[in-house]
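Structure below is input.cif: mmCIF, C-alpha atoms.
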data_start
#
loop_
_atom_site.label_atom_id
_atom_site.label_comp_id
_atom_site.auth_asym_id
_atom_site.auth_seq_id
_atom_site.Cartn_x
_atom_site.Cartn_y
_atom_site.Cartn_z
CA MET A 1 45.95 -3.70 -11.15
CA ARG A 2 47.10 -3.72 -14.76
CA ARG A 3 46.35 -5.84 -17.81
CA VAL A 4 49.26 -7.57 -19.52
CA GLU A 5 49.87 -9.96 -22.41
CA ILE A 6 52.01 -13.09 -22.14
CA HIS A 7 53.27 -15.07 -25.11
CA GLY A 8 52.61 -18.77 -24.63
CA ASP A 9 53.15 -21.85 -26.76
CA VAL A 10 50.01 -21.44 -28.88
CA GLY A 11 49.49 -17.68 -28.77
CA ARG A 12 48.86 -14.73 -26.54
CA LEU A 13 47.65 -15.23 -22.95
CA ALA A 14 45.59 -12.41 -21.43
CA ALA A 15 46.43 -11.70 -17.80
CA VAL A 16 46.03 -9.25 -14.92
CA VAL A 17 48.75 -8.29 -12.44
CA ARG A 18 47.82 -7.04 -8.97
CA VAL A 19 50.53 -5.24 -7.02
CA PRO A 20 50.29 -4.47 -3.28
CA HIS A 21 49.43 -0.86 -2.47
CA GLY A 22 52.34 1.27 -1.32
CA LEU A 23 55.05 -0.98 -2.75
CA GLU A 24 58.32 0.91 -2.45
CA ALA A 25 60.28 1.70 -5.62
CA GLY A 26 62.75 -1.08 -6.30
CA ALA A 27 61.16 -3.46 -3.79
CA ARG A 28 60.51 -7.00 -4.96
CA ARG A 29 57.78 -9.19 -3.53
CA PRO A 30 56.81 -12.85 -3.92
CA CYS A 31 54.35 -13.57 -6.72
CA LEU A 32 51.41 -15.97 -6.69
CA VAL A 33 50.07 -17.29 -10.00
CA MET A 34 46.34 -17.98 -9.76
CA CYS A 35 45.33 -21.29 -11.41
CA ALA A 36 41.59 -21.24 -12.13
CA GLY A 37 39.33 -24.26 -12.41
CA MET A 38 37.56 -25.89 -15.34
CA SER A 39 36.62 -23.30 -18.00
CA LEU A 40 37.00 -20.37 -15.57
CA THR A 41 38.54 -17.10 -16.71
CA LYS A 42 40.61 -14.57 -14.79
CA GLU A 43 37.47 -12.62 -13.82
CA VAL A 44 35.54 -15.56 -12.42
CA TRP A 45 35.58 -16.87 -8.82
CA LEU A 46 39.25 -16.35 -7.86
CA VAL A 47 39.27 -12.55 -7.87
CA PRO A 48 38.53 -12.25 -4.10
CA HIS A 49 41.43 -14.59 -3.36
CA ALA A 50 43.82 -12.63 -5.59
CA GLU A 51 42.74 -9.33 -4.03
CA ARG A 52 43.27 -10.63 -0.51
CA PHE A 53 46.71 -12.01 -1.38
CA ALA A 54 47.67 -8.64 -2.89
CA ALA A 55 46.40 -6.83 0.20
CA ALA A 56 48.62 -9.14 2.27
CA GLY A 57 51.72 -8.06 0.32
CA PHE A 58 51.93 -10.55 -2.54
CA VAL A 59 52.00 -9.71 -6.24
CA THR A 60 49.35 -11.86 -7.95
CA LEU A 61 48.99 -12.83 -11.58
CA SER A 62 45.63 -14.07 -12.91
CA PHE A 63 45.33 -15.28 -16.50
CA ASP A 64 43.15 -17.01 -19.06
CA TYR A 65 44.32 -20.43 -20.26
CA SER A 66 44.86 -20.97 -23.98
CA THR A 67 41.53 -21.17 -25.88
CA PHE A 68 39.58 -19.62 -22.95
CA GLY A 69 38.49 -16.07 -22.19
CA GLU A 70 40.61 -13.44 -23.92
CA SER A 71 43.54 -15.74 -24.62
CA GLU A 72 44.24 -17.08 -28.09
CA GLY A 73 43.95 -20.64 -29.36
CA VAL A 74 41.48 -22.80 -31.28
CA PRO A 75 39.19 -24.61 -31.07
CA ARG A 76 37.71 -22.44 -28.35
CA CYS A 77 37.18 -23.90 -24.87
CA ARG A 78 39.48 -26.84 -25.57
CA LEU A 79 40.57 -28.44 -22.30
CA ASN A 80 44.14 -29.37 -23.17
CA LEU A 81 45.51 -30.01 -19.69
CA PRO A 82 49.19 -30.55 -20.62
CA GLN A 83 48.95 -27.25 -22.51
CA GLN A 84 47.42 -25.55 -19.49
CA VAL A 85 50.40 -26.72 -17.42
CA ARG A 86 52.66 -25.16 -20.08
CA ASP A 87 50.55 -21.98 -19.86
CA VAL A 88 51.26 -21.82 -16.12
CA ARG A 89 54.97 -22.18 -16.75
CA ALA A 90 54.85 -19.38 -19.35
CA VAL A 91 53.12 -17.20 -16.77
CA LEU A 92 55.89 -18.04 -14.29
CA ASP A 93 58.45 -16.98 -16.92
CA PHE A 94 56.64 -13.66 -17.29
CA ALA A 95 56.23 -13.17 -13.55
CA ALA A 96 59.94 -13.74 -12.95
CA GLY A 97 60.71 -10.78 -15.22
CA LEU A 98 58.40 -8.27 -13.56
CA PRO A 99 60.22 -5.44 -11.75
CA GLU A 100 58.01 -5.86 -8.67
CA VAL A 101 58.66 -9.60 -8.36
CA ASP A 102 61.45 -11.52 -6.70
CA PRO A 103 62.06 -14.36 -9.19
CA GLU A 104 63.28 -16.57 -6.35
CA ARG A 105 59.90 -16.39 -4.59
CA LEU A 106 57.27 -17.80 -6.94
CA GLY A 107 54.15 -19.64 -5.81
CA LEU A 108 50.96 -21.16 -7.22
CA PHE A 109 47.38 -21.13 -5.94
CA GLY A 110 44.91 -23.52 -7.58
CA VAL A 111 41.31 -24.49 -6.88
CA SER A 112 39.35 -27.46 -8.26
CA LEU A 113 40.85 -28.45 -11.63
CA GLY A 114 43.20 -25.50 -11.12
CA ALA A 115 44.60 -27.38 -8.13
CA SER A 116 45.37 -30.32 -10.41
CA ILE A 117 47.13 -28.03 -12.88
CA ALA A 118 49.05 -26.27 -10.09
CA VAL A 119 50.33 -29.58 -8.68
CA ALA A 120 51.41 -30.75 -12.14
CA ALA A 121 53.17 -27.44 -12.82
CA ALA A 122 54.92 -27.52 -9.43
CA GLY A 123 56.05 -31.08 -10.12
CA HIS A 124 57.60 -30.01 -13.43
CA ASP A 125 58.99 -26.60 -12.47
CA PRO A 126 61.49 -26.34 -9.58
CA ARG A 127 61.04 -22.54 -9.47
CA VAL A 128 57.77 -23.10 -7.59
CA ARG A 129 58.65 -22.71 -3.93
CA ALA A 130 55.07 -22.87 -2.63
CA VAL A 131 51.86 -24.36 -4.00
CA VAL A 132 48.42 -24.41 -2.39
CA ALA A 133 46.09 -26.98 -3.99
CA VAL A 134 42.44 -26.68 -2.96
CA ALA A 135 39.56 -29.10 -3.62
CA GLY A 136 41.17 -30.66 -6.68
CA PRO A 137 41.33 -34.15 -8.22
CA MET A 138 44.81 -35.65 -8.34
CA ASP A 139 44.16 -38.64 -10.62
CA LEU A 140 41.31 -37.93 -13.02
CA THR A 141 41.42 -41.44 -14.44
CA ARG A 142 40.56 -42.71 -10.98
CA VAL A 143 37.85 -40.07 -10.48
CA TRP A 144 36.06 -40.50 -13.81
CA SER A 145 36.35 -44.27 -14.17
CA ALA A 146 34.47 -44.70 -10.88
CA LEU A 147 31.37 -42.91 -12.23
CA PRO A 148 28.36 -44.94 -13.45
CA GLY A 149 28.17 -45.19 -17.24
CA PHE A 150 31.71 -43.92 -17.73
CA GLU A 151 32.70 -46.44 -20.40
CA GLY A 152 29.80 -45.42 -22.64
CA PHE A 153 30.55 -41.75 -22.10
CA ARG A 154 34.22 -42.27 -22.92
CA ALA A 155 33.27 -44.06 -26.13
CA LYS A 156 31.34 -40.95 -27.21
CA VAL A 157 34.34 -38.76 -26.39
CA ASP A 158 36.65 -41.04 -28.39
CA ALA A 159 34.27 -40.83 -31.37
CA ALA A 160 34.27 -37.04 -31.10
CA ARG A 161 38.08 -37.12 -31.01
CA ARG A 162 38.21 -39.16 -34.20
CA ARG A 163 35.74 -36.78 -35.87
CA PHE A 164 37.84 -33.80 -34.81
CA ALA A 165 41.03 -35.40 -36.18
CA ALA A 166 39.32 -36.04 -39.53
CA THR A 167 37.33 -32.82 -39.96
CA GLY A 168 38.39 -30.26 -37.35
CA GLU A 169 34.79 -30.21 -36.14
CA ALA A 170 34.49 -29.59 -32.38
CA SER A 171 31.22 -29.76 -30.47
CA THR A 172 30.82 -28.49 -26.89
CA ILE A 173 29.33 -29.69 -23.62
CA PRO A 174 28.00 -27.32 -20.92
CA LEU A 175 30.05 -27.22 -17.73
CA HIS A 176 27.02 -27.83 -15.52
CA LYS A 177 26.56 -31.29 -17.04
CA LEU A 178 30.05 -32.30 -15.93
CA VAL A 179 29.51 -31.16 -12.33
CA ALA A 180 25.90 -32.31 -11.98
CA ALA A 181 26.80 -34.33 -8.85
CA ASP A 182 27.10 -31.04 -6.95
CA PRO A 183 23.85 -29.00 -7.11
CA GLN A 184 25.40 -26.05 -5.23
CA THR A 185 28.16 -25.68 -7.81
CA VAL A 186 25.64 -26.02 -10.64
CA ALA A 187 23.54 -23.23 -9.10
CA ARG A 188 26.61 -21.00 -8.81
CA ILE A 189 27.51 -21.59 -12.47
CA GLU A 190 23.99 -20.76 -13.60
CA ALA A 191 23.83 -17.62 -11.46
CA ASP A 192 27.23 -16.28 -12.51
CA SER A 193 27.26 -17.10 -16.22
CA ALA A 194 25.13 -13.99 -16.90
CA ARG A 195 27.37 -11.81 -14.71
CA PHE A 196 30.51 -12.63 -16.69
CA PRO A 197 29.80 -12.33 -20.43
CA GLU A 198 33.44 -13.13 -21.30
CA TRP A 199 33.06 -16.55 -19.61
CA ARG A 200 31.77 -19.47 -21.67
CA PRO A 201 30.98 -22.24 -19.14
CA GLU A 202 31.46 -25.05 -21.64
CA LEU A 203 34.18 -27.33 -22.99
CA SER A 204 34.92 -28.83 -26.38
CA PHE A 205 33.59 -32.36 -26.09
CA GLU A 206 36.49 -34.07 -27.82
CA SER A 207 38.97 -32.52 -25.39
CA LEU A 208 37.49 -34.44 -22.45
CA ARG A 209 39.86 -37.31 -23.24
CA ASP A 210 42.68 -35.17 -21.86
CA LEU A 211 40.61 -34.70 -18.72
CA PHE A 212 40.18 -38.45 -18.26
CA GLU A 213 43.92 -39.08 -18.68
CA PHE A 214 45.36 -36.35 -16.44
CA ARG A 215 47.24 -37.67 -13.37
CA PRO A 216 49.02 -34.82 -11.57
CA GLU A 217 49.77 -36.87 -8.47
CA GLN A 218 52.24 -38.87 -10.56
CA VAL A 219 54.63 -35.90 -10.46
CA ALA A 220 53.85 -34.86 -6.86
CA HIS A 221 57.06 -36.58 -5.73
CA ALA A 222 59.05 -33.97 -7.70
CA ILE A 223 57.58 -30.93 -5.91
CA ARG A 224 60.09 -29.10 -3.72
CA PRO A 225 60.16 -30.60 -0.20
CA GLY A 226 57.71 -28.80 2.04
CA ALA A 227 56.36 -26.63 -0.79
CA ALA A 228 52.86 -28.17 -1.04
CA LEU A 229 49.79 -27.45 1.05
CA PHE A 230 46.66 -29.47 0.17
CA VAL A 231 43.32 -28.15 1.44
CA ALA A 232 40.29 -30.45 1.22
CA PRO A 233 36.67 -29.42 1.89
CA GLY A 234 35.30 -32.06 4.26
CA ALA A 235 31.95 -32.41 2.45
CA ASP A 236 33.09 -32.04 -1.16
CA GLU A 237 30.51 -33.65 -3.48
CA LEU A 238 32.67 -33.28 -6.59
CA ILE A 239 36.07 -34.56 -5.49
CA GLY A 240 36.56 -37.97 -3.92
CA ALA A 241 37.76 -38.04 -0.32
CA GLN A 242 40.93 -39.91 -1.32
CA GLU A 243 42.18 -37.40 -3.91
CA LEU A 244 44.11 -34.81 -1.90
CA PRO A 245 45.37 -37.24 0.79
CA SER A 246 46.71 -39.49 -1.96
CA ALA A 247 48.74 -36.68 -3.54
CA ALA A 248 49.83 -35.31 -0.16
CA ALA A 249 51.30 -38.71 0.69
CA ARG A 250 53.47 -38.53 -2.43
CA ALA A 251 54.67 -34.92 -2.16
CA PRO A 252 57.73 -34.66 0.10
CA GLY A 253 57.00 -32.81 3.32
CA ALA A 254 53.48 -31.87 2.18
CA ARG A 255 50.82 -30.66 4.59
CA LEU A 256 47.15 -31.69 4.37
CA GLU A 257 44.37 -29.62 5.94
CA VAL A 258 40.66 -30.52 5.97
CA LEU A 259 37.91 -27.91 6.19
CA PRO A 260 35.27 -29.75 8.27
CA GLY A 261 31.80 -29.79 6.74
CA ALA A 262 32.80 -27.50 3.85
CA ARG A 263 31.32 -28.01 0.39
CA HIS A 264 33.22 -27.55 -2.86
CA VAL A 265 31.65 -24.23 -3.81
CA GLN A 266 32.29 -22.69 -0.38
CA VAL A 267 36.00 -22.28 -1.06
CA TYR A 268 34.94 -19.60 -3.57
CA GLU A 269 32.36 -17.83 -1.41
CA GLU A 270 33.32 -15.26 1.19
CA GLY A 271 32.46 -16.57 4.65
CA PRO A 272 34.00 -18.77 7.38
CA VAL A 273 35.27 -21.44 4.95
CA PHE A 274 36.81 -18.80 2.67
CA GLU A 275 38.44 -17.06 5.64
CA ARG A 276 39.94 -20.28 6.96
CA LEU A 277 41.26 -21.13 3.49
CA LEU A 278 42.90 -17.70 3.21
CA GLU A 279 44.37 -18.03 6.70
CA LEU A 280 45.94 -21.40 5.90
CA SER A 281 47.20 -20.22 2.51
CA LEU A 282 48.80 -17.02 3.80
CA GLU A 283 50.45 -18.90 6.65
CA HIS A 284 51.96 -21.32 4.14
CA TYR A 285 53.09 -18.65 1.67
CA ARG A 286 54.66 -16.49 4.37
CA ALA A 287 56.67 -19.43 5.62
CA ARG A 288 57.72 -20.75 2.23
CA LEU A 289 58.25 -17.43 0.40
CA ALA A 290 59.99 -15.48 3.13
CA ALA A 291 62.59 -12.98 1.96
CA ALA A 292 66.23 -14.01 2.09
CA PRO A 293 68.35 -12.03 4.61
CA GLY A 294 69.51 -8.74 3.09
CA SER A 295 67.09 -8.84 0.14
CA GLN A 296 64.68 -6.03 -0.77
CA ALA A 297 61.40 -7.52 0.51
#

Give the structure from this file in structure tokens form.
Amino acid sequence: MRRVEIHGDVGRLAAVVRVPHGLEAGARRPCLVMCAGMSLTKEVWLVPHAERFAAAGFVTLSFDYSTFGESEGVPRCRLNLPQQVRDVRAVLDFAAGLPEVDPERLGLFGVSLGASIAVAAAGHDPRVRAVVAVAGPMDLTRVWSALPGFEGFRAKVDAARRRFAATGEASTIPLHKLVAADPQTVARIEADSARFPEWRPELSFESLRDLFEFRPEQVAHAIRPGAALFVAPGADELIGAQELPSAAARAPGARLEVLPGARHVQVYEEGPVFERLLELSLEHYRARLAAAPGSQA
């Protein structure tokens, strides 16, 4: 594992590369870019997944989005989703230049809002040969507009956006308030926020307008045929049951898998749900990112 710096659109992105043990000199392996969820940093929640992928022979690259963690950008904790998609593409640029990576075998792994970002990035970037999208919303306008009191909440966000445009003033909202529908996820946030001092589980309030307007399933049709695997927890209290099936129906040759009875937070926690998710993901990556005949795998 080594720390690296990547130059993105709005500044430096902090990242960590994990390389499989015993990689032969000159060998090139497929690389998986880890797309974290809302406000999460490279140290939080997806480390076990990245470690397991590396142990299975994949180079992995975990990073902090612009304005989060150790990456640059202001105001801090600003959830600019189009920018986060551009961040992913900058990370792909960097990954393609690593000596351990085969630039023809690039993949994405995203969970929760990271799944939304991964799908959008795969729809915009034909270099992505495999994407696994787990427990993520695919049309956030649809998700948020269905919530009680949404219009009043959006009016407050719009007012904050106008204030930011006029003054540069940015207030924040705690992450747990945005995921209050899922007590298990709230409990995990509260338990882990003290364990990861570099993680600020909050968002700039004015930036929520980007969240409301993000529709990654609109570019799902442009993902490489057969490249997408969607994995839906069967008892997800955060993400509507229609979200992943709707995007899977648009992505050419996509595969949809349901984890029966699984809750949203269980895709992060080592156990039977986690193991099944890793099994499905590795099966997909091995099939989609197989070495070309005669290449140095």

Residues at most 9 Å from stretch 35-47 of chain A, counting only C-alpha atoms, excluding those fewer than 2 positions away in the same chain, as a PDB file with C-alpha atoms, in the frame of the given file?
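Once everything was written out, this is selection-v4.pdb:
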ATOM      1  CA  ALA A  14      45.590 -12.410 -21.430  1.00  0.00           C
ATOM      2  CA  ALA A  15      46.430 -11.700 -17.800  1.00  0.00           C
ATOM      3  CA  VAL A  16      46.030  -9.250 -14.920  1.00  0.00           C
ATOM      4  CA  VAL A  33      50.070 -17.290 -10.000  1.00  0.00           C
ATOM      5  CA  HIS A  49      41.430 -14.590  -3.360  1.00  0.00           C
ATOM      6  CA  ALA A  50      43.820 -12.630  -5.590  1.00  0.00           C
ATOM      7  CA  GLU A  51      42.740  -9.330  -4.030  1.00  0.00           C
ATOM      8  CA  ARG A  52      43.270 -10.630  -0.510  1.00  0.00           C
ATOM      9  CA  SER A  62      45.630 -14.070 -12.910  1.00  0.00           C
ATOM     10  CA  PHE A  63      45.330 -15.280 -16.500  1.00  0.00           C
ATOM     11  CA  ASP A  64      43.150 -17.010 -19.060  1.00  0.00           C
ATOM     12  CA  TYR A  65      44.320 -20.430 -20.260  1.00  0.00           C
ATOM     13  CA  PHE A  68      39.580 -19.620 -22.950  1.00  0.00           C
ATOM     14  CA  GLY A  69      38.490 -16.070 -22.190  1.00  0.00           C
ATOM     15  CA  GLU A  70      40.610 -13.440 -23.920  1.00  0.00           C
ATOM     16  CA  CYS A  77      37.180 -23.900 -24.870  1.00  0.00           C
ATOM     17  CA  ARG A  78      39.480 -26.840 -25.570  1.00  0.00           C
ATOM     18  CA  LEU A  79      40.570 -28.440 -22.300  1.00  0.00           C
ATOM     19  CA  VAL A  88      51.260 -21.820 -16.120  1.00  0.00           C
ATOM     20  CA  LEU A 108      50.960 -21.160  -7.220  1.00  0.00           C
ATOM     21  CA  PHE A 109      47.380 -21.130  -5.940  1.00  0.00           C
ATOM     22  CA  GLY A 110      44.910 -23.520  -7.580  1.00  0.00           C
ATOM     23  CA  VAL A 111      41.310 -24.490  -6.880  1.00  0.00           C
ATOM     24  CA  SER A 112      39.350 -27.460  -8.260  1.00  0.00           C
ATOM     25  CA  LEU A 113      40.850 -28.450 -11.630  1.00  0.00           C
ATOM     26  CA  GLY A 114      43.200 -25.500 -11.120  1.00  0.00           C
ATOM     27  CA  ALA A 115      44.600 -27.380  -8.130  1.00  0.00           C
ATOM     28  CA  SER A 116      45.370 -30.320 -10.410  1.00  0.00           C
ATOM     29  CA  ILE A 117      47.130 -28.030 -12.880  1.00  0.00           C
ATOM     30  CA  ALA A 118      49.050 -26.270 -10.090  1.00  0.00           C
ATOM     31  CA  GLY A 136      41.170 -30.660  -6.680  1.00  0.00           C
ATOM     32  CA  LEU A 175      30.050 -27.220 -17.730  1.00  0.00           C
ATOM     33  CA  ASP A 192      27.230 -16.280 -12.510  1.00  0.00           C
ATOM     34  CA  PHE A 196      30.510 -12.630 -16.690  1.00  0.00           C
ATOM     35  CA  GLU A 198      33.440 -13.130 -21.300  1.00  0.00           C
ATOM     36  CA  TRP A 199      33.060 -16.550 -19.610  1.00  0.00           C
ATOM     37  CA  ARG A 200      31.770 -19.470 -21.670  1.00  0.00           C
ATOM     38  CA  PRO A 201      30.980 -22.240 -19.140  1.00  0.00           C
ATOM     39  CA  GLU A 202      31.460 -25.050 -21.640  1.00  0.00           C
ATOM     40  CA  LEU A 203      34.180 -27.330 -22.990  1.00  0.00           C
ATOM     41  CA  TYR A 268      34.940 -19.600  -3.570  1.00  0.00           C
ATOM     42  CA  GLU A 269      32.360 -17.830  -1.410  1.00  0.00           C
TER      43      GLU A 269
END

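Running the PyMOL selection byres ((chain A and resi 252) around 10) on this file leaves Ala220, His221, Ala222, Ile223, Arg224, Pro225, Gly226, Ala227, Ala228, Ala247, Ala248, Ala249, Arg250, Ala251, Gly253, Ala254 and Arg255 of chain A selected.
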
Coordinates-based distance that separates atom CA of A:Ile239 from atom CA of A:Pro216 (Å, one decimal):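 It comes out at 14.3 Å.
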
Pick out the closest residue to A:Glu100 from this set: A:Val157, A:Val59, A:Val179, A:Val267. Count all atoms listed in the file.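 Among the listed residues, A:Val59 lies closest to A:Glu100.
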
Evaluate the PyMOL selection byres ((chain A and resi 235) around 7) here and jot the selected residues down as a PyMOL selection string. chain A and resi 233-234+236-237+261-263

Suppose a student applies the PyMOL selection byres ((chain A and resi 128) around 12) to this structure; what residues should they get, written as a ChimeraX atom specification? /A:30-33,88-89,91-93,95-96,103-109,118-127,129-132,222-228,285,288-289

Skip A:Gly73 itself and residues of its chain fewer than 4 positions away, then list as number ranges by chain all residues within 8 Å of it, counting only C-alpha atoms. A: 10-11, 66-68

Next, write the just-selected residues to a file, as a short mmCIF file (atom, residue, chain, number, x, y, z; two decimals), in the coordinates of the input, keeping C-alpha atoms as the atom set.
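File written: part_36.cif
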data_model
loop_
_atom_site.label_atom_id
_atom_site.label_comp_id
_atom_site.auth_asym_id
_atom_site.auth_seq_id
_atom_site.Cartn_x
_atom_site.Cartn_y
_atom_site.Cartn_z
CA VAL A 10 50.01 -21.44 -28.88
CA GLY A 11 49.49 -17.68 -28.77
CA SER A 66 44.86 -20.97 -23.98
CA THR A 67 41.53 -21.17 -25.88
CA PHE A 68 39.58 -19.62 -22.95
#

Between atom CA of A:Leu208 and atom CA of A:Gln84, what distance in Å does the model show, to one decimal? 13.7 Å

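Distances to A:Arg188 were evaluated for A:Ala232, A:Val265, A:Ala287, A:Glu243 using all atoms listed in the file, and the minimum falls at A:Val265.
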
What lies within 8 Å of A:Arg12 using all atoms listed in the file, ignoring chain neighbours under 4 positions off, as an MDAnalysis selection string? chainID A and resid 5:8 66 71:72

Selection above as a file: C-alpha atoms, as a PDB file, keeping the file's coordinate frame:
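Full text of again25.pdb as output:
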ATOM      1  CA  GLU A   5      49.870  -9.960 -22.410  1.00  0.00           C
ATOM      2  CA  ILE A   6      52.010 -13.090 -22.140  1.00  0.00           C
ATOM      3  CA  HIS A   7      53.270 -15.070 -25.110  1.00  0.00           C
ATOM      4  CA  GLY A   8      52.610 -18.770 -24.630  1.00  0.00           C
ATOM      5  CA  SER A  66      44.860 -20.970 -23.980  1.00  0.00           C
ATOM      6  CA  SER A  71      43.540 -15.740 -24.620  1.00  0.00           C
ATOM      7  CA  GLU A  72      44.240 -17.080 -28.090  1.00  0.00           C
TER       8      GLU A  72
END

Model the absent atoms of stretch 191-198 of chain A so that all heavy atoms are present, and write the result as a PDB file, in the frame of the given file.
ATOM      1  N   ALA A 191      24.016 -18.986 -11.934  1.00  0.00           N
ATOM      2  CA  ALA A 191      23.830 -17.620 -11.460  1.00  0.00           C
ATOM      3  C   ALA A 191      24.892 -16.675 -12.011  1.00  0.00           C
ATOM      4  O   ALA A 191      24.610 -15.509 -12.319  1.00  0.00           O
ATOM      5  CB  ALA A 191      23.838 -17.588  -9.933  1.00  0.00           C
ATOM      6  N   ASP A 192      26.129 -17.176 -12.140  1.00  0.00           N
ATOM      7  CA  ASP A 192      27.230 -16.280 -12.510  1.00  0.00           C
ATOM      8  C   ASP A 192      27.501 -16.199 -14.002  1.00  0.00           C
ATOM      9  O   ASP A 192      28.205 -15.278 -14.443  1.00  0.00           O
ATOM     10  CB  ASP A 192      28.506 -16.727 -11.791  1.00  0.00           C
ATOM     11  CG  ASP A 192      28.492 -16.356 -10.319  1.00  0.00           C
ATOM     12  OD1 ASP A 192      27.568 -15.634  -9.902  1.00  0.00           O
ATOM     13  OD2 ASP A 192      29.398 -16.792  -9.588  1.00  0.00           O
ATOM     14  N   SER A 193      26.977 -17.131 -14.787  1.00  0.00           N
ATOM     15  CA  SER A 193      27.260 -17.100 -16.220  1.00  0.00           C
ATOM     16  C   SER A 193      26.752 -15.808 -16.861  1.00  0.00           C
ATOM     17  O   SER A 193      27.372 -15.285 -17.799  1.00  0.00           O
ATOM     18  CB  SER A 193      26.656 -18.322 -16.918  1.00  0.00           C
ATOM     19  OG  SER A 193      25.261 -18.388 -16.703  1.00  0.00           O
ATOM     20  N   ALA A 194      25.649 -15.247 -16.355  1.00  0.00           N
ATOM     21  CA  ALA A 194      25.130 -13.990 -16.900  1.00  0.00           C
ATOM     22  C   ALA A 194      25.948 -12.789 -16.418  1.00  0.00           C
ATOM     23  O   ALA A 194      25.998 -11.750 -17.085  1.00  0.00           O
ATOM     24  CB  ALA A 194      23.671 -13.806 -16.495  1.00  0.00           C
ATOM     25  N   ARG A 195      26.593 -12.914 -15.269  1.00  0.00           N
ATOM     26  CA  ARG A 195      27.370 -11.810 -14.710  1.00  0.00           C
ATOM     27  C   ARG A 195      28.696 -11.617 -15.421  1.00  0.00           C
ATOM     28  O   ARG A 195      29.285 -10.528 -15.374  1.00  0.00           O
ATOM     29  CB  ARG A 195      27.640 -12.047 -13.221  1.00  0.00           C
ATOM     30  CG  ARG A 195      26.406 -12.012 -12.335  1.00  0.00           C
ATOM     31  CD  ARG A 195      26.805 -12.268 -10.878  1.00  0.00           C
ATOM     32  NE  ARG A 195      27.850 -11.356 -10.451  1.00  0.00           N
ATOM     33  CZ  ARG A 195      28.868 -11.694  -9.674  1.00  0.00           C
ATOM     34  NH1 ARG A 195      29.010 -12.949  -9.264  1.00  0.00           N
ATOM     35  NH2 ARG A 195      29.769 -10.794  -9.315  1.00  0.00           N
ATOM     36  N   PHE A 196      29.199 -12.678 -16.049  1.00  0.00           N
ATOM     37  CA  PHE A 196      30.510 -12.630 -16.690  1.00  0.00           C
ATOM     38  C   PHE A 196      30.373 -12.986 -18.165  1.00  0.00           C
ATOM     39  O   PHE A 196      30.548 -14.149 -18.553  1.00  0.00           O
ATOM     40  CB  PHE A 196      31.474 -13.596 -15.994  1.00  0.00           C
ATOM     41  CG  PHE A 196      31.669 -13.317 -14.525  1.00  0.00           C
ATOM     42  CD1 PHE A 196      31.047 -14.096 -13.562  1.00  0.00           C
ATOM     43  CD2 PHE A 196      32.474 -12.270 -14.107  1.00  0.00           C
ATOM     44  CE1 PHE A 196      31.230 -13.849 -12.212  1.00  0.00           C
ATOM     45  CE2 PHE A 196      32.668 -12.014 -12.759  1.00  0.00           C
ATOM     46  CZ  PHE A 196      32.044 -12.801 -11.806  1.00  0.00           C
ATOM     47  N   PRO A 197      30.059 -12.019 -19.023  1.00  0.00           N
ATOM     48  CA  PRO A 197      29.800 -12.330 -20.430  1.00  0.00           C
ATOM     49  C   PRO A 197      31.015 -12.880 -21.168  1.00  0.00           C
ATOM     50  O   PRO A 197      30.865 -13.546 -22.201  1.00  0.00           O
ATOM     51  CB  PRO A 197      29.368 -10.973 -21.003  1.00  0.00           C
ATOM     52  CG  PRO A 197      29.886  -9.951 -20.048  1.00  0.00           C
ATOM     53  CD  PRO A 197      29.858 -10.596 -18.711  1.00  0.00           C
ATOM     54  N   GLU A 198      32.233 -12.620 -20.638  1.00  0.00           N
ATOM     55  CA  GLU A 198      33.440 -13.130 -21.300  1.00  0.00           C
ATOM     56  C   GLU A 198      33.682 -14.610 -20.972  1.00  0.00           C
ATOM     57  O   GLU A 198      34.546 -15.254 -21.557  1.00  0.00           O
ATOM     58  CB  GLU A 198      34.662 -12.312 -20.875  1.00  0.00           C
ATOM     59  CG  GLU A 198      35.074 -12.461 -19.428  1.00  0.00           C
ATOM     60  CD  GLU A 198      34.158 -11.740 -18.448  1.00  0.00           C
ATOM     61  OE1 GLU A 198      33.436 -10.810 -18.872  1.00  0.00           O
ATOM     62  OE2 GLU A 198      34.154 -12.119 -17.258  1.00  0.00           O
TER      63      GLU A 198
END
